[in-house]
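Trainee: Quick one, query.cif (mmCIF, C-alpha atoms):
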data_data
#
loop_
_atom_site.group_PDB
_atom_site.id
_atom_site.type_symbol
_atom_site.label_atom_id
_atom_site.label_comp_id
_atom_site.auth_asym_id
_atom_site.auth_seq_id
_atom_site.Cartn_x
_atom_site.Cartn_y
_atom_site.Cartn_z
ATOM 1 C CA MET A 1 0.000 0.000 0.000
ATOM 2 C CA THR A 2 1.451 3.296 -1.062
ATOM 3 C CA ILE A 3 -0.002 6.737 -0.704
ATOM 4 C CA THR A 4 0.354 8.617 -3.966
ATOM 5 C CA LEU A 5 -0.496 12.056 -5.267
ATOM 6 C CA ALA A 6 -3.823 10.713 -6.551
ATOM 7 C CA HIS A 7 -4.954 9.855 -3.007
ATOM 8 C CA TYR A 8 -4.438 13.401 -1.801
ATOM 9 C CA LEU A 9 -6.059 14.873 -4.907
ATOM 10 C CA ALA A 10 -9.089 12.617 -4.408
ATOM 11 C CA VAL A 11 -9.529 13.827 -0.820
ATOM 12 C CA SER A 12 -9.094 17.396 -2.025
ATOM 13 C CA GLY A 13 -11.716 16.910 -4.725
ATOM 14 C CA LEU A 14 -14.194 15.349 -2.308
ATOM 15 C CA VAL A 15 -13.853 18.192 0.193
ATOM 16 C CA PHE A 16 -14.092 20.756 -2.608
ATOM 17 C CA GLY A 17 -17.290 19.150 -3.926
ATOM 18 C CA ILE A 18 -18.821 19.134 -0.447
ATOM 19 C CA GLY A 19 -17.852 22.803 -0.105
ATOM 20 C CA VAL A 20 -19.531 23.653 -3.412
ATOM 21 C CA ALA A 21 -22.687 21.810 -2.361
ATOM 22 C CA ILE A 22 -22.783 23.641 0.980
ATOM 23 C CA ALA A 23 -22.088 27.061 -0.533
ATOM 24 C CA LEU A 24 -24.789 26.658 -3.185
ATOM 25 C CA SER A 25 -27.559 24.978 -1.257
ATOM 26 C CA LYS A 26 -27.546 26.381 2.292
ATOM 27 C CA ARG A 27 -30.018 28.995 3.380
ATOM 28 C CA ASN A 28 -28.008 30.722 6.116
ATOM 29 C CA VAL A 29 -25.297 33.229 5.122
ATOM 30 C CA VAL A 30 -22.887 31.834 7.721
ATOM 31 C CA ALA A 31 -23.335 28.305 6.369
ATOM 32 C CA VAL A 32 -22.550 29.524 2.851
ATOM 33 C CA LEU A 33 -19.320 31.073 4.172
ATOM 34 C CA MET A 34 -18.454 27.741 5.774
ATOM 35 C CA GLY A 35 -18.758 26.118 2.347
ATOM 36 C CA VAL A 36 -16.393 28.703 0.876
ATOM 37 C CA GLU A 37 -13.844 28.027 3.630
ATOM 38 C CA LEU A 38 -14.017 24.295 2.876
ATOM 39 C CA MET A 39 -13.325 24.973 -0.809
ATOM 40 C CA LEU A 40 -10.284 27.126 0.018
ATOM 41 C CA ASN A 41 -9.031 24.411 2.346
ATOM 42 C CA ALA A 42 -9.354 21.750 -0.350
ATOM 43 C CA SER A 43 -7.328 23.887 -2.756
ATOM 44 C CA ASN A 44 -4.643 24.248 -0.064
ATOM 45 C CA LEU A 45 -4.419 20.470 0.214
ATOM 46 C CA ALA A 46 -3.975 20.160 -3.559
ATOM 47 C CA PHE A 47 -1.229 22.822 -3.532
ATOM 48 C CA LEU A 48 0.690 21.073 -0.764
ATOM 49 C CA ALA A 49 0.274 17.631 -2.360
ATOM 50 C CA PHE A 50 1.702 18.861 -5.671
ATOM 51 C CA SER A 51 4.499 20.628 -3.826
ATOM 52 C CA ARG A 52 5.430 17.382 -2.058
ATOM 53 C CA PHE A 53 4.980 14.876 -4.885
ATOM 54 C CA SER A 54 5.481 16.598 -8.206
ATOM 55 C CA GLY A 55 8.566 15.679 -10.216
ATOM 56 C CA ALA A 56 7.992 18.588 -12.575
ATOM 57 C CA PHE A 57 10.094 21.122 -10.695
ATOM 58 C CA GLN A 58 13.004 22.239 -12.855
ATOM 59 C CA GLU A 59 16.470 22.842 -11.532
ATOM 60 C CA GLY A 60 16.418 25.972 -9.398
ATOM 61 C CA THR A 61 12.661 26.239 -8.942
ATOM 62 C CA GLU A 62 11.766 25.705 -5.344
ATOM 63 C CA PRO A 63 9.057 23.142 -4.566
ATOM 64 C CA LEU A 64 8.278 25.324 -1.553
ATOM 65 C CA ALA A 65 6.540 27.786 -3.901
ATOM 66 C CA GLY A 66 3.374 25.748 -3.235
ATOM 67 C CA HIS A 67 3.694 26.463 0.469
ATOM 68 C CA THR A 68 4.104 30.167 -0.277
ATOM 69 C CA PHE A 69 0.935 30.126 -2.323
ATOM 70 C CA VAL A 70 -0.907 28.470 0.556
ATOM 71 C CA VAL A 71 0.218 31.317 2.827
ATOM 72 C CA PHE A 72 -1.429 33.756 0.426
ATOM 73 C CA VAL A 73 -4.592 31.653 0.288
ATOM 74 C CA LEU A 74 -4.747 31.732 4.092
ATOM 75 C CA THR A 75 -4.395 35.517 4.014
ATOM 76 C CA VAL A 76 -7.150 35.937 1.450
ATOM 77 C CA ALA A 77 -9.404 33.520 3.348
ATOM 78 C CA ALA A 78 -9.026 35.476 6.577
ATOM 79 C CA ALA A 79 -9.738 38.798 4.828
ATOM 80 C CA GLU A 80 -12.729 37.337 2.995
ATOM 81 C CA ALA A 81 -14.199 35.857 6.169
ATOM 82 C CA ALA A 82 -13.853 39.139 8.072
ATOM 83 C CA VAL A 83 -15.521 41.258 5.377
ATOM 84 C CA ALA A 84 -18.225 38.741 4.504
ATOM 85 C CA LEU A 85 -19.241 38.205 8.130
ATOM 86 C CA ALA A 86 -19.352 41.982 8.637
ATOM 87 C CA MET A 87 -21.720 42.128 5.652
ATOM 88 C CA ALA A 88 -23.848 39.363 7.191
ATOM 89 C CA VAL A 89 -24.136 41.329 10.434
ATOM 90 C CA LEU A 90 -25.009 44.489 8.453
ATOM 91 C CA ILE A 91 -27.748 42.683 6.517
ATOM 92 C CA TYR A 92 -29.082 41.290 9.782
ATOM 93 C CA ARG A 93 -29.287 44.806 11.257
ATOM 94 C CA ARG A 94 -31.307 46.063 8.296
ATOM 95 C CA ARG A 95 -33.515 43.045 7.703
ATOM 96 C CA GLU A 96 -33.523 41.013 10.943
ATOM 97 C CA THR A 97 -32.718 37.931 8.892
ATOM 98 C CA VAL A 98 -29.758 36.185 7.260
ATOM 99 C CA ASP A 99 -31.948 33.826 5.254
ATOM 100 C CA LEU A 100 -30.739 33.898 1.653
ATOM 101 C CA ASP A 101 -34.174 32.944 0.317
ATOM 102 C CA ARG A 102 -35.464 36.212 1.790
ATOM 103 C CA ILE A 103 -32.513 38.387 0.702
ATOM 104 C CA SER A 104 -32.940 37.648 -2.976
ATOM 105 C CA VAL A 105 -33.210 41.145 -4.459
ATOM 106 C CA LEU A 106 -30.272 43.432 -5.165
ATOM 107 C CA ARG A 107 -31.968 46.609 -3.889
ATOM 108 C CA TRP A 108 -34.742 47.272 -1.433
ATOM 109 C CA MET B 1 5.026 7.110 1.553
ATOM 110 C CA GLU B 2 4.892 3.369 2.135
ATOM 111 C CA SER B 3 5.448 3.079 5.868
ATOM 112 C CA THR B 4 2.443 1.762 7.733
ATOM 113 C CA GLY B 5 2.252 4.812 9.981
ATOM 114 C CA ILE B 6 1.831 7.216 7.080
ATOM 115 C CA VAL B 7 -0.744 4.983 5.360
ATOM 116 C CA VAL B 8 -2.841 4.601 8.505
ATOM 117 C CA ALA B 9 -2.515 8.297 9.316
ATOM 118 C CA PHE B 10 -3.589 9.258 5.801
ATOM 119 C CA TYR B 11 -6.693 7.093 5.811
ATOM 120 C CA VAL B 12 -7.751 8.054 9.338
ATOM 121 C CA LEU B 13 -7.211 11.770 8.747
ATOM 122 C CA SER B 14 -8.863 11.855 5.346
ATOM 123 C CA ALA B 15 -11.866 9.902 6.666
ATOM 124 C CA MET B 16 -12.118 12.396 9.529
ATOM 125 C CA THR B 17 -11.850 15.371 7.166
ATOM 126 C CA VAL B 18 -14.373 14.155 4.619
ATOM 127 C CA MET B 19 -16.870 12.852 7.191
ATOM 128 C CA SER B 20 -16.749 16.096 9.152
ATOM 129 C CA ALA B 21 -17.241 18.095 5.953
ATOM 130 C CA LEU B 22 -20.261 15.918 5.147
ATOM 131 C CA SER B 23 -21.584 16.488 8.672
ATOM 132 C CA VAL B 24 -21.350 20.247 8.100
ATOM 133 C CA PHE B 25 -23.819 19.677 5.281
ATOM 134 C CA LEU B 26 -26.071 17.301 7.206
ATOM 135 C CA MET B 27 -26.258 18.978 10.631
ATOM 136 C CA ARG B 28 -29.546 20.703 11.338
ATOM 137 C CA ASN B 29 -28.125 23.134 13.908
ATOM 138 C CA LEU B 30 -25.741 25.824 12.723
ATOM 139 C CA VAL B 31 -23.567 25.717 15.858
ATOM 140 C CA HIS B 32 -23.103 21.951 15.521
ATOM 141 C CA ALA B 33 -22.133 22.515 11.905
ATOM 142 C CA ILE B 34 -19.422 24.969 13.024
ATOM 143 C CA VAL B 35 -18.049 22.369 15.459
ATOM 144 C CA PHE B 36 -17.787 19.814 12.649
ATOM 145 C CA LEU B 37 -16.161 22.440 10.426
ATOM 146 C CA VAL B 38 -13.446 22.895 13.066
ATOM 147 C CA LEU B 39 -12.996 19.119 13.201
ATOM 148 C CA SER B 40 -12.600 19.063 9.425
ATOM 149 C CA PHE B 41 -9.988 21.856 9.606
ATOM 150 C CA ILE B 42 -8.013 19.924 12.229
ATOM 151 C CA GLY B 43 -8.099 16.759 10.113
ATOM 152 C CA MET B 44 -6.870 18.813 7.166
ATOM 153 C CA ALA B 45 -4.010 20.138 9.331
ATOM 154 C CA GLY B 46 -3.082 16.514 10.079
ATOM 155 C CA LEU B 47 -3.020 15.777 6.343
ATOM 156 C CA PHE B 48 -0.705 18.779 5.908
ATOM 157 C CA VAL B 49 1.631 17.232 8.486
ATOM 158 C CA THR B 50 1.746 13.983 6.511
ATOM 159 C CA LEU B 51 2.839 16.117 3.536
ATOM 160 C CA SER B 52 5.696 17.417 5.754
ATOM 161 C CA ALA B 53 4.227 20.938 5.664
ATOM 162 C CA ASP B 54 4.727 21.709 9.336
ATOM 163 C CA PHE B 55 4.464 25.507 9.199
ATOM 164 C CA ILE B 56 1.307 25.445 7.092
ATOM 165 C CA ALA B 57 -0.269 22.882 9.439
ATOM 166 C CA VAL B 58 0.334 25.116 12.449
ATOM 167 C CA ALA B 59 -0.899 28.169 10.549
ATOM 168 C CA GLN B 60 -3.989 26.178 9.527
ATOM 169 C CA ILE B 61 -4.820 25.384 13.152
ATOM 170 C CA LEU B 62 -4.157 28.963 14.267
ATOM 171 C CA ILE B 63 -6.033 30.722 11.463
ATOM 172 C CA TYR B 64 -8.775 28.320 10.411
ATOM 173 C CA ALA B 65 -9.515 26.258 13.520
ATOM 174 C CA GLY B 66 -8.825 29.236 15.791
ATOM 175 C CA ALA B 67 -9.605 32.588 14.245
ATOM 176 C CA ILE B 68 -12.076 31.901 11.451
ATOM 177 C CA SER B 69 -14.204 29.532 13.514
ATOM 178 C CA VAL B 70 -14.386 32.126 16.310
ATOM 179 C CA LEU B 71 -15.432 34.671 13.671
ATOM 180 C CA LEU B 72 -18.167 32.285 12.476
ATOM 181 C CA VAL B 73 -19.421 31.753 16.038
ATOM 182 C CA PHE B 74 -19.414 35.534 16.503
ATOM 183 C CA ALA B 75 -21.495 35.957 13.365
ATOM 184 C CA VAL B 76 -24.000 33.404 14.641
ATOM 185 C CA MET B 77 -24.178 35.042 18.067
ATOM 186 C CA LEU B 78 -24.535 38.557 16.587
ATOM 187 C CA THR B 79 -27.624 37.485 14.647
ATOM 188 C CA PRO B 80 -29.739 36.227 17.555
ATOM 189 C CA LEU B 81 -33.168 36.591 16.014
ATOM 190 C CA ALA B 82 -32.222 34.756 12.838
ATOM 191 C CA SER B 83 -32.852 31.054 13.030
ATOM 192 C CA ARG B 84 -30.110 28.598 13.974
ATOM 193 C CA ASN B 85 -31.484 26.379 11.257
ATOM 194 C CA ASN B 86 -28.848 25.019 8.860
ATOM 195 C CA GLY B 87 -31.492 24.057 6.332
ATOM 196 C CA ASN B 88 -31.297 23.977 2.569
ATOM 197 C CA SER B 89 -32.489 26.804 0.374
ATOM 198 C CA LEU B 90 -35.133 26.543 -2.340
ATOM 199 C CA TYR B 91 -32.439 25.795 -4.910
ATOM 200 C CA ALA B 92 -30.645 22.997 -3.070
ATOM 201 C CA ALA B 93 -30.931 20.320 -5.765
ATOM 202 C CA PRO B 94 -28.820 22.055 -8.475
ATOM 203 C CA GLY B 95 -26.170 22.941 -5.886
ATOM 204 C CA LEU B 96 -25.983 19.355 -4.676
ATOM 205 C CA LEU B 97 -25.761 18.074 -8.249
ATOM 206 C CA LEU B 98 -22.991 20.525 -9.106
ATOM 207 C CA GLY B 99 -21.027 19.647 -5.986
ATOM 208 C CA ALA B 100 -21.301 15.922 -6.676
ATOM 209 C CA ALA B 101 -20.320 16.460 -10.323
ATOM 210 C CA ILE B 102 -17.231 18.500 -9.400
ATOM 211 C CA ALA B 103 -16.152 15.953 -6.784
ATOM 212 C CA ALA B 104 -16.621 13.085 -9.261
ATOM 213 C CA ILE B 105 -14.703 14.881 -12.023
ATOM 214 C CA VAL B 106 -11.756 15.713 -9.755
ATOM 215 C CA VAL B 107 -11.593 12.213 -8.227
ATOM 216 C CA PHE B 108 -11.730 10.392 -11.544
ATOM 217 C CA THR B 109 -9.198 12.762 -13.102
ATOM 218 C CA ALA B 110 -6.853 12.301 -10.147
ATOM 219 C CA ILE B 111 -7.066 8.519 -10.491
ATOM 220 C CA ASP B 112 -6.868 8.384 -14.287
ATOM 221 C CA VAL B 113 -4.042 10.786 -15.054
ATOM 222 C CA GLU B 114 -0.457 9.541 -15.084
ATOM 223 C CA TRP B 115 1.004 12.188 -12.811
ATOM 224 C CA ASN B 116 4.653 13.172 -13.164
ATOM 225 C CA GLU B 117 5.308 12.333 -9.535
ATOM 226 C CA LEU B 118 8.235 11.241 -7.454
ATOM 227 C CA THR B 119 8.264 7.742 -5.996
ATOM 228 C CA GLY B 120 10.466 5.679 -3.724
ATOM 229 C CA THR B 121 13.785 7.182 -2.678
ATOM 230 C CA ALA B 122 13.349 10.378 -4.722
ATOM 231 C CA LEU B 123 10.163 11.043 -2.754
ATOM 232 C CA GLU B 124 11.951 10.378 0.513
ATOM 233 C CA GLU B 125 14.651 12.854 -0.460
ATOM 234 C CA ARG B 126 12.053 15.505 -1.269
ATOM 235 C CA ALA B 127 10.687 15.465 2.330
ATOM 236 C CA PHE B 128 11.060 19.018 3.578
ATOM 237 C CA LEU B 129 13.176 19.088 6.703
ATOM 238 C CA ASP B 130 12.643 22.754 7.388
ATOM 239 C CA THR B 131 9.945 24.637 5.529
ATOM 240 C CA ILE B 132 9.906 27.850 7.547
ATOM 241 C CA SER B 133 13.192 29.316 6.351
ATOM 242 C CA GLY B 134 12.401 28.355 2.756
ATOM 243 C CA ILE B 135 8.954 29.957 2.905
ATOM 244 C CA GLY B 136 10.484 33.086 4.458
ATOM 245 C CA ASP B 137 13.112 33.301 1.735
ATOM 246 C CA LEU B 138 10.486 32.984 -0.986
ATOM 247 C CA LEU B 139 8.055 35.434 0.649
ATOM 248 C CA LEU B 140 10.682 38.146 1.024
ATOM 249 C CA GLY B 141 12.499 37.227 -2.168
ATOM 250 C CA ARG B 142 10.755 36.118 -5.329
ATOM 251 C CA TYR B 143 7.219 36.838 -4.097
ATOM 252 C CA ILE B 144 7.899 40.152 -2.346
ATOM 253 C CA LEU B 145 5.381 42.020 -4.518
ATOM 254 C CA ALA B 146 2.587 39.550 -3.730
ATOM 255 C CA PHE B 147 3.591 39.751 -0.068
ATOM 256 C CA GLU B 148 3.165 43.538 -0.046
ATOM 257 C CA VAL B 149 -0.121 43.319 -1.929
ATOM 258 C CA ALA B 150 -1.339 40.799 0.655
ATOM 259 C CA SER B 151 -0.504 43.236 3.441
ATOM 260 C CA VAL B 152 -2.472 45.983 1.687
ATOM 261 C CA LEU B 153 -5.355 43.517 1.231
ATOM 262 C CA LEU B 154 -5.353 42.737 4.950
ATOM 263 C CA LEU B 155 -5.336 46.445 5.803
ATOM 264 C CA PHE B 156 -8.314 47.114 3.551
ATOM 265 C CA ALA B 157 -10.187 44.070 4.852
ATOM 266 C CA LEU B 158 -9.681 45.392 8.378
ATOM 267 C CA LEU B 159 -10.884 48.861 7.396
ATOM 268 C CA GLY B 160 -13.791 47.421 5.406
ATOM 269 C CA ALA B 161 -14.990 45.260 8.285
ATOM 270 C CA ILE B 162 -14.813 48.193 10.711
ATOM 271 C CA VAL B 163 -16.557 50.603 8.322
ATOM 272 C CA LEU B 164 -19.303 48.088 7.534
ATOM 273 C CA VAL B 165 -20.325 47.311 11.091
ATOM 274 C CA THR B 166 -19.830 50.785 12.603
ATOM 275 C CA ASP B 167 -23.125 52.468 13.390
ATOM 276 C CA ARG B 168 -22.621 55.952 11.952
ATOM 277 C CA GLY B 169 -26.174 57.288 12.062
ATOM 278 C CA GLU B 170 -26.151 59.678 15.026
ATOM 279 C CA VAL B 171 -29.937 59.874 15.053
ATOM 280 C CA ASP B 172 -30.159 56.102 15.269
ATOM 281 C CA THR B 173 -27.723 55.888 18.167
ATOM 282 C CA GLU B 174 -29.614 58.632 20.004
ATOM 283 C CA ALA B 175 -32.868 56.820 19.407
ATOM 284 C CA GLU B 176 -31.310 53.616 20.695
ATOM 285 C CA ALA B 177 -29.973 55.426 23.746
ATOM 286 C CA GLU B 178 -33.443 56.795 24.434
ATOM 287 C CA ASP B 179 -34.894 53.341 23.944
ATOM 288 C CA GLY B 180 -32.419 51.980 26.404
ATOM 289 C CA ALA B 181 -33.198 54.742 28.918
ATOM 290 C CA SER B 182 -36.965 54.289 28.601
ATOM 291 C CA GLY B 183 -36.469 50.532 28.858
ATOM 292 C CA ALA B 184 -34.541 51.057 32.091
ATOM 293 C CA VAL B 185 -37.296 53.339 33.391
ATOM 294 C CA ALA B 186 -39.915 50.762 32.435
ATOM 295 C CA ALA B 187 -37.904 48.096 34.229
ATOM 296 C CA ASP B 188 -37.705 50.333 37.307
ATOM 297 C CA ASP B 189 -41.461 50.872 37.148
ATOM 298 C CA ALA B 190 -41.996 47.157 36.925
ATOM 299 C CA VAL B 191 -39.885 46.637 40.003
#
What does this structure look like when you write it as structure tokens?

Mentor:
Amino acid sequence: MTITLAHYLAVSGLVFGIGVAIALSKRNVVAVLMGVELMLNASNLAFLAFSRFSGAFQEGTEPLAGHTFVVFVLTVAAAEAAVALAMAVLIYRRRETVDLDRISVLRW
Amino acid sequence: MESTGIVVAFYVLSAMTVMSALSVFLMRNLVHAIVFLVLSFIGMAGLFVTLSADFIAVAQILIYAGAISVLLVFAVMLTPLASRNNGNSLYAAPGLLLGAAIAAIVVFTAIDVEWNELTGTALEERAFLDTISGIGDLLLGRYILAFEVASVLLLFALLGAIVLVTDRGEVDTEAEAEDGASGAVAADDAV
């Protein structure tokens, strides 16, 4: 039994698919954000798996570039979560609800 | 990656990650869903460790399992009158179908493609002994521009979050203060 790149990519794909399903089909704004976080996490796993396994790195190109990219993904995820949750709280203050089925128009 | 420890760790951690992610979808209570999300993040951090990405694993636990989950709990607690229901929206079926399709496509592609990957001793040699200094060199070397842009992004996210949730309407705050005062008076009367 050997663990290969395909194993990690399969886990990454499964988590990404679950994240897509959550983000598209949940009613609560916070739940949708949780789906987005799962998708970002799955992409991080794929980055790190390629960085560890790939034989495609030329001479002089660091395999650690994947890790660097993951650092940026973490940064963007934190910024996105902060702003999006602030927007959720703002919508709640105006409408007393965070139900996406009831916040379906662009202006009110 | 043939040693029994790694194989067992991979299967246990990936089962934990995927099952917890599924539970986030299935849980009926939003707070329970957040707990399972944290569990999924921790399992993912374990998978990062098996990829010898120690720094990223620690950062994952600090940022995702620590900060972002606290932010999610805050968002739930700041919206008290909204329901804690983690139910599906009216358009759940297409979302589910799309998610399943994407997962199937990625899994079958990952299994089918002949990846240009290292095996055996070459893979053992690739194991990163020390990722932190390498990541630091890259962040402040080749990717310095992206690093600076990320700092600007964080600054604007901070400002944006503060500006969005700050109550600037002076009339509103006065009205709220009056409400609070009258509420206190009413409470006194009741006593």

Trainee: Apply the PyMOL selection byres ((chain A and resi 33) around 10) to the displayed file and report the matching residues as a list in words.

Mentor: Gly19, Ile22, Ala23, Lys26, Asn28, Val29, Val30, Ala31, Val32, Met34, Gly35, Val36, Glu37, Leu38, Met39, Glu80, Ala81, Ala84, Leu85 and Ala88 of chain A; Leu72 of chain B

Trainee: How would the residues just picked look written out with C-alpha atoms as a tab-separated table (two decimals), in the coordinates of the input?

Mentor:
chain	number	residue	atom	x	y	z
A	19	GLY	CA	-17.85	22.80	-0.10
A	22	ILE	CA	-22.78	23.64	0.98
A	23	ALA	CA	-22.09	27.06	-0.53
A	26	LYS	CA	-27.55	26.38	2.29
A	28	ASN	CA	-28.01	30.72	6.12
A	29	VAL	CA	-25.30	33.23	5.12
A	30	VAL	CA	-22.89	31.83	7.72
A	31	ALA	CA	-23.34	28.30	6.37
A	32	VAL	CA	-22.55	29.52	2.85
A	34	MET	CA	-18.45	27.74	5.77
A	35	GLY	CA	-18.76	26.12	2.35
A	36	VAL	CA	-16.39	28.70	0.88
A	37	GLU	CA	-13.84	28.03	3.63
A	38	LEU	CA	-14.02	24.30	2.88
A	39	MET	CA	-13.32	24.97	-0.81
A	80	GLU	CA	-12.73	37.34	3.00
A	81	ALA	CA	-14.20	35.86	6.17
A	84	ALA	CA	-18.23	38.74	4.50
A	85	LEU	CA	-19.24	38.20	8.13
A	88	ALA	CA	-23.85	39.36	7.19
B	72	LEU	CA	-18.17	32.28	12.48

Trainee: Report, in Å with one decimal, the straight-line distance from CA of Phe53 (chain A) to CA of Asp54 (chain B).

Mentor: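 Spanning CA of Phe53 (chain A) to CA of Asp54 (chain B) is a straight-line distance of 15.8 Å.
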
Trainee: Tell me, as a ChimeraX atom specification, which residues lie within 8 Å of region 45-49 of chain A, counting all atoms listed in the file; anything in the same chain fewer than 3 positions away does not count.

Mentor: /A:5,8-9,12,41-42,52-54,66-67,69-70 /B:44,47-48,51,53

Trainee: Any chance you could resolve the PyMOL selection byres ((chain A and resi 14) around 9) against this file and give the residues as a list of chain:residue names?

Mentor: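 What the PyMOL selection byres ((chain A and resi 14) around 9) grabs from the file is A:Leu9, A:Ala10, A:Val11, A:Ser12, A:Gly13, A:Val15, A:Phe16, A:Gly17, A:Ile18, A:Gly19, A:Ala42, B:Val18, B:Gly99, B:Ala100, B:Ile102, B:Ala103, B:Ala104, B:Val106, B:Val107.
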
Trainee: State, in Å with one decimal place, the distance from CA of Ala150 (chain B) to CA of Phe72 (chain A).

Mentor: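 According to the coordinates, CA of Ala150 (chain B) and CA of Phe72 (chain A) are separated by 7.0 Å.
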
Trainee: For a quick check of understanding, using only C-alpha atoms, which of A:Val71, A:Ser25, A:Thr4, A:Leu106 has the smallest distance to chain B?

Mentor: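 Smallest separation from chain B among the options: A:Ser25.
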
Trainee: Once the PyMOL selection byres ((chain B and resi 58) around 12) is applied to the coordinates I shared, what remains selected? I want it as a PyMOL selection string.

Mentor: (chain A and resi 71+74) or (chain B and resi 41-42+44-49+52-57+59-66+131-132)

Trainee: To one decimal place in Å, what is the distance between CA of Ala93 (chain B) and CA of Ser23 (chain B)?

Mentor: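 Computing it gives 17.6 Å between the two atoms.
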
Trainee: Given only C-alpha atoms as the basis, pick out the residue of B:Val24, B:Val73, B:Val149, B:Ala110 nearest to chain A.

Mentor: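 Among the listed residues, the smallest separation from chain A belongs to B:Ala110.
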
Trainee: Counting only C-alpha atoms, which residue out of A:Leu24, A:Ile3, A:Ala86, A:Ala65 sits closest to Asp101 (chain A)?

Mentor: A:Leu24

Trainee: Because the input lacks atoms here, generate N, CA and C atoms for region 133-152 of chain B and report them as a PDB file, in the coordinates of the input.

Mentor:
ATOM      1  N   SER B 133      12.199  28.419   6.936  1.00  0.00           N
ATOM      2  CA  SER B 133      13.192  29.316   6.351  1.00  0.00           C
ATOM      3  C   SER B 133      13.005  29.423   4.835  1.00  0.00           C
ATOM      4  N   GLY B 134      12.629  28.299   4.202  1.00  0.00           N
ATOM      5  CA  GLY B 134      12.401  28.355   2.756  1.00  0.00           C
ATOM      6  C   GLY B 134      11.231  29.251   2.411  1.00  0.00           C
ATOM      7  N   ILE B 135      10.126  29.115   3.169  1.00  0.00           N
ATOM      8  CA  ILE B 135       8.954  29.957   2.905  1.00  0.00           C
ATOM      9  C   ILE B 135       9.319  31.430   3.126  1.00  0.00           C
ATOM     10  N   GLY B 136      10.083  31.702   4.195  1.00  0.00           N
ATOM     11  CA  GLY B 136      10.484  33.086   4.458  1.00  0.00           C
ATOM     12  C   GLY B 136      11.329  33.653   3.341  1.00  0.00           C
ATOM     13  N   ASP B 137      12.276  32.841   2.842  1.00  0.00           N
ATOM     14  CA  ASP B 137      13.112  33.301   1.735  1.00  0.00           C
ATOM     15  C   ASP B 137      12.264  33.639   0.513  1.00  0.00           C
ATOM     16  N   LEU B 138      11.304  32.745   0.200  1.00  0.00           N
ATOM     17  CA  LEU B 138      10.486  32.984  -0.986  1.00  0.00           C
ATOM     18  C   LEU B 138       9.581  34.194  -0.798  1.00  0.00           C
ATOM     19  N   LEU B 139       8.994  34.328   0.410  1.00  0.00           N
ATOM     20  CA  LEU B 139       8.055  35.434   0.649  1.00  0.00           C
ATOM     21  C   LEU B 139       8.754  36.778   0.535  1.00  0.00           C
ATOM     22  N   LEU B 140       9.974  36.869   1.071  1.00  0.00           N
ATOM     23  CA  LEU B 140      10.682  38.146   1.024  1.00  0.00           C
ATOM     24  C   LEU B 140      11.649  38.215  -0.135  1.00  0.00           C
ATOM     25  N   GLY B 141      11.620  37.204  -1.013  1.00  0.00           N
ATOM     26  CA  GLY B 141      12.499  37.227  -2.168  1.00  0.00           C
ATOM     27  C   GLY B 141      11.717  37.308  -3.454  1.00  0.00           C
ATOM     28  N   ARG B 142      11.391  36.127  -4.014  1.00  0.00           N
ATOM     29  CA  ARG B 142      10.755  36.118  -5.329  1.00  0.00           C
ATOM     30  C   ARG B 142       9.338  36.655  -5.276  1.00  0.00           C
ATOM     31  N   TYR B 143       8.628  36.436  -4.153  1.00  0.00           N
ATOM     32  CA  TYR B 143       7.219  36.838  -4.097  1.00  0.00           C
ATOM     33  C   TYR B 143       7.011  38.067  -3.238  1.00  0.00           C
ATOM     34  N   ILE B 144       7.982  38.976  -3.217  1.00  0.00           N
ATOM     35  CA  ILE B 144       7.899  40.152  -2.346  1.00  0.00           C
ATOM     36  C   ILE B 144       6.726  41.041  -2.748  1.00  0.00           C
ATOM     37  N   LEU B 145       6.470  41.147  -4.067  1.00  0.00           N
ATOM     38  CA  LEU B 145       5.381  42.020  -4.518  1.00  0.00           C
ATOM     39  C   LEU B 145       4.031  41.473  -4.026  1.00  0.00           C
ATOM     40  N   ALA B 146       3.838  40.151  -4.209  1.00  0.00           N
ATOM     41  CA  ALA B 146       2.587  39.550  -3.730  1.00  0.00           C
ATOM     42  C   ALA B 146       2.458  39.699  -2.215  1.00  0.00           C
ATOM     43  N   PHE B 147       3.591  39.604  -1.529  1.00  0.00           N
ATOM     44  CA  PHE B 147       3.591  39.751  -0.068  1.00  0.00           C
ATOM     45  C   PHE B 147       3.086  41.135   0.330  1.00  0.00           C
ATOM     46  N   GLU B 148       3.600  42.175  -0.366  1.00  0.00           N
ATOM     47  CA  GLU B 148       3.165  43.538  -0.046  1.00  0.00           C
ATOM     48  C   GLU B 148       1.701  43.738  -0.397  1.00  0.00           C
ATOM     49  N   VAL B 149       1.285  43.190  -1.542  1.00  0.00           N
ATOM     50  CA  VAL B 149      -0.121  43.319  -1.929  1.00  0.00           C
ATOM     51  C   VAL B 149      -1.014  42.641  -0.899  1.00  0.00           C
ATOM     52  N   ALA B 150      -0.553  41.490  -0.367  1.00  0.00           N
ATOM     53  CA  ALA B 150      -1.339  40.799   0.655  1.00  0.00           C
ATOM     54  C   ALA B 150      -1.475  41.655   1.909  1.00  0.00           C
ATOM     55  N   SER B 151      -0.408  42.385   2.249  1.00  0.00           N
ATOM     56  CA  SER B 151      -0.504  43.236   3.441  1.00  0.00           C
ATOM     57  C   SER B 151      -1.502  44.359   3.218  1.00  0.00           C
ATOM     58  N   VAL B 152      -1.495  44.939   1.992  1.00  0.00           N
ATOM     59  CA  VAL B 152      -2.472  45.983   1.687  1.00  0.00           C
ATOM     60  C   VAL B 152      -3.890  45.407   1.735  1.00  0.00           C
TER      61      VAL B 152
END
